[in-house]
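Enquirer: PDB, C-alpha atoms, saved as input-v5.pdb, coming up:
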ATOM      1  CA  MET A   1       0.000   0.000   0.000
ATOM      2  CA  ARG A   2       2.823   2.369   0.775
ATOM      3  CA  ARG A   3       4.307   1.767  -2.644
ATOM      4  CA  ILE A   4       0.971   2.356  -4.397
ATOM      5  CA  HIS A   5       0.378   5.494  -2.367
ATOM      6  CA  GLY A   6       3.919   6.764  -2.907
ATOM      7  CA  ARG A   7       3.849   6.195  -6.661
ATOM      8  CA  ALA A   8       0.530   7.987  -6.936
ATOM      9  CA  VAL A   9       1.922  10.995  -5.071
ATOM     10  CA  TRP A  10       4.987  11.100  -7.349
ATOM     11  CA  LEU A  11       2.782  10.795 -10.426
ATOM     12  CA  ALA A  12       0.557  13.600  -9.138
ATOM     13  CA  ALA A  13       3.623  15.751  -8.526
ATOM     14  CA  GLY A  14       4.680  15.300 -12.138
ATOM     15  CA  VAL A  15       1.204  16.000 -13.488
ATOM     16  CA  GLY A  16       0.820  19.024 -11.216
ATOM     17  CA  PHE A  17       4.171  20.464 -12.238
ATOM     18  CA  VAL A  18       3.616  19.962 -15.973
ATOM     19  CA  SER A  19       0.066  21.290 -15.910
ATOM     20  CA  GLY A  20       1.233  24.216 -13.763
ATOM     21  CA  VAL A  21       4.027  25.098 -16.166
ATOM     22  CA  PHE A  22       1.583  25.263 -19.076
ATOM     23  CA  GLY A  23      -0.762  27.348 -16.938
ATOM     24  CA  ILE A  24      -4.412  27.893 -17.503
ATOM     25  CA  PHE A  25      -4.279  26.175 -20.909
ATOM     26  CA  ALA A  26      -3.487  22.799 -19.333
ATOM     27  CA  LEU A  27      -6.091  23.140 -16.569
ATOM     28  CA  PRO A  28      -8.740  20.797 -18.042
ATOM     29  CA  VAL A  29      -6.179  18.102 -18.867
ATOM     30  CA  GLY A  30      -4.525  18.429 -15.460
ATOM     31  CA  MET A  31      -7.808  18.137 -13.575
ATOM     32  CA  ALA A  32      -8.846  15.073 -15.610
ATOM     33  CA  ALA A  33      -5.448  13.492 -14.997
ATOM     34  CA  ILE A  34      -5.678  14.077 -11.240
ATOM     35  CA  LEU A  35      -9.168  12.561 -11.119
ATOM     36  CA  ASN A  36      -7.857   9.548 -13.035
ATOM     37  CA  ILE A  37      -4.885   9.178 -10.672
ATOM     38  CA  ALA A  38      -7.193   9.465  -7.646
ATOM     39  CA  LEU A  39      -9.606   6.777  -8.866
ATOM     40  CA  ARG A  40      -6.722   4.535  -9.918
ATOM     41  CA  THR A  41      -5.072   4.913  -6.508
ATOM     42  CA  ILE A  42      -8.259   4.027  -4.636
ATOM     43  CA  HIS A  43      -8.849   1.039  -6.910
ATOM     44  CA  ARG A  44      -5.299  -0.286  -6.459
ATOM     45  CA  ILE A  45      -5.375   0.145  -2.688
ATOM     46  CA  GLY A  46      -8.696  -1.704  -2.644
ATOM     47  CA  LEU A  47      -7.121  -4.519  -4.671
ATOM     48  CA  SER A  48      -4.272  -4.791  -2.189
ATOM     49  CA  TYR A  49      -6.847  -5.371   0.576
ATOM     50  CA  GLY A  50      -8.618  -7.997  -1.539
ATOM     51  CA  TYR A  51     -11.492  -5.861  -2.825
ATOM     52  CA  PRO A  52     -11.510  -5.799  -6.631
ATOM     53  CA  ALA A  53     -13.866  -3.217  -8.122
ATOM     54  CA  ASP A  54     -15.636  -5.847 -10.194
ATOM     55  CA  SER A  55     -19.148  -5.102  -8.990
ATOM     56  CA  GLU A  56     -21.246  -1.993  -8.940
ATOM     57  CA  ALA A  57     -21.219  -1.897  -5.136
ATOM     58  CA  GLU A  58     -17.414  -1.951  -5.082
ATOM     59  CA  ARG A  59     -17.244   0.873  -7.626
ATOM     60  CA  LEU A  60     -19.635   2.895  -5.479
ATOM     61  CA  PHE A  61     -17.333   2.280  -2.515
ATOM     62  CA  VAL A  62     -14.512   3.788  -4.603
ATOM     63  CA  TYR A  63     -16.629   6.906  -5.233
ATOM     64  CA  TYR A  64     -17.464   7.243  -1.539
ATOM     65  CA  THR A  65     -13.780   7.003  -0.737
ATOM     66  CA  LEU A  66     -13.053   9.726  -3.290
ATOM     67  CA  SER A  67     -15.665  11.973  -1.713
ATOM     68  CA  LEU A  68     -14.272  11.268   1.738
ATOM     69  CA  ALA A  69     -10.826  12.395   0.587
ATOM     70  CA  GLY A  70     -12.213  15.659  -0.790
ATOM     71  CA  ASN A  71     -14.138  16.601   2.336
ATOM     72  CA  ARG A  72     -12.652  19.221   4.609
ATOM     73  CA  ARG A  73     -15.450  19.929   7.074
ATOM     74  CA  PRO A  74     -16.262  17.361   9.792
ATOM     75  CA  GLU A  75     -19.977  17.509   8.931
ATOM     76  CA  ASP A  76     -19.265  16.486   5.341
ATOM     77  CA  LYS A  77     -16.961  13.691   6.474
ATOM     78  CA  ALA A  78     -19.699  12.402   8.788
ATOM     79  CA  ILE A  79     -22.215  12.320   5.910
ATOM     80  CA  SER A  80     -19.772  10.443   3.667
ATOM     81  CA  LEU A  81     -18.880   7.993   6.445
ATOM     82  CA  GLN A  82     -22.531   7.279   7.198
ATOM     83  CA  ALA A  83     -23.262   6.696   3.512
ATOM     84  CA  MET A  84     -20.200   4.460   3.262
ATOM     85  CA  ARG A  85     -21.432   2.383   6.226
ATOM     86  CA  GLU A  86     -24.840   1.969   4.554
ATOM     87  CA  LEU A  87     -23.115   0.738   1.422
ATOM     88  CA  GLN A  88     -20.915  -1.659   3.425
ATOM     89  CA  THR A  89     -24.026  -3.091   5.065
ATOM     90  CA  ALA A  90     -25.637  -3.546   1.659
ATOM     91  CA  ILE A  91     -22.487  -5.192   0.278
ATOM     92  CA  ALA A  92     -22.262  -7.565   3.239
ATOM     93  CA  ALA A  93     -25.945  -8.492   2.973
ATOM     94  CA  LYS A  94     -25.723  -9.195  -0.770
ATOM     95  CA  SER A  95     -22.289 -10.772  -1.051
ATOM     96  CA  PRO A  96     -22.617 -13.516  -3.667
ATOM     97  CA  GLU A  97     -21.374 -17.027  -3.376
ATOM     98  CA  PRO A  98     -18.365 -17.880  -5.514
ATOM     99  CA  GLY A  99     -19.373 -18.408  -9.134
ATOM    100  CA  LYS A 100     -22.658 -16.508  -8.854
ATOM    101  CA  PRO A 101     -23.193 -13.069 -10.432
ATOM    102  CA  HIS A 102     -23.124  -9.974  -8.250
ATOM    103  CA  VAL A 103     -26.443  -8.594  -7.051
ATOM    104  CA  PRO A 104     -27.013  -5.020  -8.284
ATOM    105  CA  VAL A 105     -27.197  -2.169  -5.808
ATOM    106  CA  ASP A 106     -30.567  -0.491  -5.377
ATOM    107  CA  ASP A 107     -31.122   2.846  -7.112
ATOM    108  CA  ARG A 108     -31.301   4.850  -3.874
ATOM    109  CA  LEU A 109     -27.761   3.873  -2.841
ATOM    110  CA  ARG A 110     -26.445   4.357  -6.379
ATOM    111  CA  HIS A 111     -27.864   7.869  -6.706
ATOM    112  CA  LYS A 112     -26.739   8.805  -3.209
ATOM    113  CA  ALA A 113     -23.177   7.681  -3.960
ATOM    114  CA  PHE A 114     -22.973   9.621  -7.192
ATOM    115  CA  ASP A 115     -24.556  12.717  -5.646
ATOM    116  CA  ILE A 116     -22.127  12.739  -2.726
ATOM    117  CA  ALA A 117     -19.068  12.014  -4.869
ATOM    118  CA  HIS A 118     -20.054  14.531  -7.540
ATOM    119  CA  HIS A 119     -20.872  17.239  -5.002
ATOM    120  CA  ASP A 120     -17.657  16.762  -3.040
ATOM    121  CA  PHE A 121     -15.391  16.497  -6.074
ATOM    122  CA  SER A 122     -17.070  19.523  -7.678
ATOM    123  CA  ARG A 123     -16.528  21.518  -4.499
ATOM    124  CA  GLU A 124     -12.871  20.468  -4.386
ATOM    125  CA  ILE A 125     -12.347  21.456  -8.033
ATOM    126  CA  THR A 126     -14.071  24.808  -7.498
ATOM    127  CA  LYS A 127     -11.944  25.467  -4.427
ATOM    128  CA  GLN A 128      -8.802  24.631  -6.354
ATOM    129  CA  LEU A 129      -9.850  26.754  -9.329
ATOM    130  CA  VAL A 130     -10.752  29.808  -7.316
ATOM    131  CA  GLU A 131      -8.212  29.703  -4.520
ATOM    132  CA  VAL A 132      -5.182  27.982  -5.978
ATOM    133  CA  ARG A 133      -5.247  27.150  -9.683
ATOM    134  CA  ILE A 134      -5.411  30.807 -10.681
ATOM    135  CA  LEU A 135      -1.810  31.038  -9.461
ATOM    136  CA  THR A 136      -0.802  28.485 -12.106
ATOM    137  CA  SER A 137      -1.277  31.167 -14.753
ATOM    138  CA  ILE A 138       1.769  33.005 -13.370
ATOM    139  CA  PRO A 139       4.891  31.752 -15.176
ATOM    140  CA  GLY A 140       7.347  29.975 -12.916
ATOM    141  CA  ILE A 141       5.073  29.892  -9.888
ATOM    142  CA  GLY A 142       2.473  27.760 -11.682
ATOM    143  CA  GLY A 143       4.622  24.637 -11.768
ATOM    144  CA  ILE A 144       5.395  24.807  -8.058
ATOM    145  CA  VAL A 145       1.781  25.527  -7.115
ATOM    146  CA  GLY A 146       0.505  22.679  -9.316
ATOM    147  CA  LEU A 147       3.040  20.302  -7.825
ATOM    148  CA  ILE A 148       2.088  21.169  -4.236
ATOM    149  CA  VAL A 149      -1.685  21.164  -4.761
ATOM    150  CA  ASP A 150      -1.849  17.897  -6.687
ATOM    151  CA  THR A 151       0.598  16.148  -4.359
ATOM    152  CA  ARG A 152      -1.403  17.118  -1.288
ATOM    153  CA  TYR A 153      -4.708  16.107  -2.869
ATOM    154  CA  ILE A 154      -3.512  12.673  -4.011
ATOM    155  CA  GLY A 155      -1.832  12.210  -0.627
ATOM    156  CA  SER A 156      -5.178  12.756   1.079
ATOM    157  CA  VAL A 157      -6.903  10.432  -1.407
ATOM    158  CA  GLY A 158      -4.364   7.712  -0.657
ATOM    159  CA  TRP A 159      -4.762   8.055   3.101
ATOM    160  CA  ALA A 160      -8.557   8.085   2.847
ATOM    161  CA  ALA A 161      -8.459   4.908   0.747
ATOM    162  CA  ARG A 162      -6.023   3.180   3.078
ATOM    163  CA  HIS A 163      -8.113   4.014   6.137
ATOM    164  CA  ALA A 164     -11.449   3.152   4.493
ATOM    165  CA  TYR A 165     -10.247  -0.241   3.305
ATOM    166  CA  GLN A 166      -8.435  -0.968   6.581
ATOM    167  CA  LEU A 167     -11.586  -0.215   8.538
ATOM    168  CA  ARG A 168     -13.671  -2.348   6.201
ATOM    169  CA  TRP A 169     -11.196  -5.237   6.325
ATOM    170  CA  LEU A 170     -11.047  -5.179  10.131
ATOM    171  CA  GLU A 171     -14.812  -4.858  10.486
ATOM    172  CA  GLU A 172     -15.527  -7.790   8.155
ATOM    173  CA  ARG A 173     -13.164 -10.019  10.118
ATOM    174  CA  GLY A 174     -14.434  -8.972  13.523
ATOM    175  CA  ARG A 175     -11.113  -7.440  14.516
ATOM    176  CA  LEU A 176     -12.319  -3.885  15.006
ATOM    177  CA  PRO A 177     -11.644  -2.672  18.581
ATOM    178  CA  GLU A 178     -14.709  -2.210  20.788
ATOM    179  CA  THR A 179     -14.034   1.528  21.167
ATOM    180  CA  LEU A 180     -14.395   2.034  17.415
ATOM    181  CA  LEU A 181     -17.522  -0.103  17.209
ATOM    182  CA  VAL A 182     -19.217   1.979  19.892
ATOM    183  CA  ALA A 183     -18.137   5.280  18.341
ATOM    184  CA  ALA A 184     -19.257   4.293  14.838
ATOM    185  CA  PRO A 185     -22.684   5.603  13.837
ATOM    186  CA  ALA A 186     -25.283   2.912  13.262
TER
END
With the file now loaded, output its structure as structure tokens.
Expert:
Amino acid sequence: MRRIHGRAVWLAAGVGFVSGVFGIFALPVGMAAILNIALRTIHRIGLSYGYPADSEAERLFVYYTLSLAGNRRPEDKAISLQAMRELQTAIAAKSPEPGKPHVPVDDRLRHKAFDIAHHDFSREITKQLVEVRILTSIPGIGGIVGLIVDTRYIGSVGWAARHAYQLRWLEERGRLPETLLVAAPA
């Protein structure tokens, strides 16, 4: 996991620097690349914990993790965590037997996942555009700003994915400490 996380941060640093050097003209490509790196990082960390994103429920878990990484306020994190727990419960209740097809997720959970992920990622992009990415239009400074912003964002995505999958792995195996079980919202 450390290697996956570390490589993603280095890749984000390169993308951030290159898109920052080219300034505002590379903004759309840089943002798409960072989103791709973020989703790829979450997927690979999930694979290392034994959770391939081969079902719709697993892909929704990836989106929830992405939204969790983009949240800054505790209230938003609590909403994402609660939604993630609902999805985990649904995944556990519908886990197929080996060789059987995966059961689709109900529409309510699917729409909730996409709404939360879209809202949180849109807010993160807007924040970056308004507060930080404007500085990338300044020659010289843009590369450094892009490097720092993208590195920090992918770093937070990696940590969110590591913690989300660790918590899920421990919970499924009954190894979650009692203090965390009590503190977790039902």
Enquirer: Counting only C-alpha atoms, which of A:Pro28, A:Pro74, A:Gly14, A:Gly158 gets nearest to A:Ile45?
Expert: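 Checking each candidate against A:Ile45, we get A:Gly158 as the closest.
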Enquirer: Counting only C-alpha atoms, find the residues whose atoms lie at most 12 Å from (-9.7, 1.7, 10.0) (file coordinates) and write them out as a ChimeraX atom specification.
Expert: /A:81,159-172,175-177,179-181,184
Enquirer: By how many Å are atom CA of A:Arg40 and atom CA of A:Leu87 apart?
Expert: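 One can read the atom CA of A:Arg40 to atom CA of A:Leu87 distance as 20.3 Å.
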Enquirer: Could you tell me which of A:Ala57, A:Met84, A:Ile134, A:Ala32 comes closest to A:Gly146 if we count only C-alpha atoms?
Expert: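 Once distances to A:Gly146 are computed over only C-alpha atoms, the minimum belongs to A:Ile134.
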Enquirer: Can you translate the PyMOL selection byres ((chain A and resi 4) around 12) into the concrete residues it hits in this file, as a PyMOL selection string?
Expert: chain A and resi 1-3+5-11+37-38+40-48+154-155+157-159+161-162
Enquirer: Name the residues that the PyMOL selection byres ((chain A and resi 149) around 9) pulls out of this structure, and write them as a VMD selection string.
Expert: chain A and resid 13 16 128 132 to 133 144 to 148 150 to 154
Enquirer: Could you write those residues out with C-alpha atoms, as an mmCIF file, keeping the file's coordinate frame?
Expert:
data_model
loop_
_atom_site.group_PDB
_atom_site.id
_atom_site.type_symbol
_atom_site.label_atom_id
_atom_site.label_comp_id
_atom_site.auth_asym_id
_atom_site.auth_seq_id
_atom_site.Cartn_x
_atom_site.Cartn_y
_atom_site.Cartn_z
ATOM 1 C CA ALA A 13 3.623 15.751 -8.526
ATOM 2 C CA GLY A 16 0.820 19.024 -11.216
ATOM 3 C CA GLN A 128 -8.802 24.631 -6.354
ATOM 4 C CA VAL A 132 -5.182 27.982 -5.978
ATOM 5 C CA ARG A 133 -5.247 27.150 -9.683
ATOM 6 C CA ILE A 144 5.395 24.807 -8.058
ATOM 7 C CA VAL A 145 1.781 25.527 -7.115
ATOM 8 C CA GLY A 146 0.505 22.679 -9.316
ATOM 9 C CA LEU A 147 3.040 20.302 -7.825
ATOM 10 C CA ILE A 148 2.088 21.169 -4.236
ATOM 11 C CA ASP A 150 -1.849 17.897 -6.687
ATOM 12 C CA THR A 151 0.598 16.148 -4.359
ATOM 13 C CA ARG A 152 -1.403 17.118 -1.288
ATOM 14 C CA TYR A 153 -4.708 16.107 -2.869
ATOM 15 C CA ILE A 154 -3.512 12.673 -4.011
#
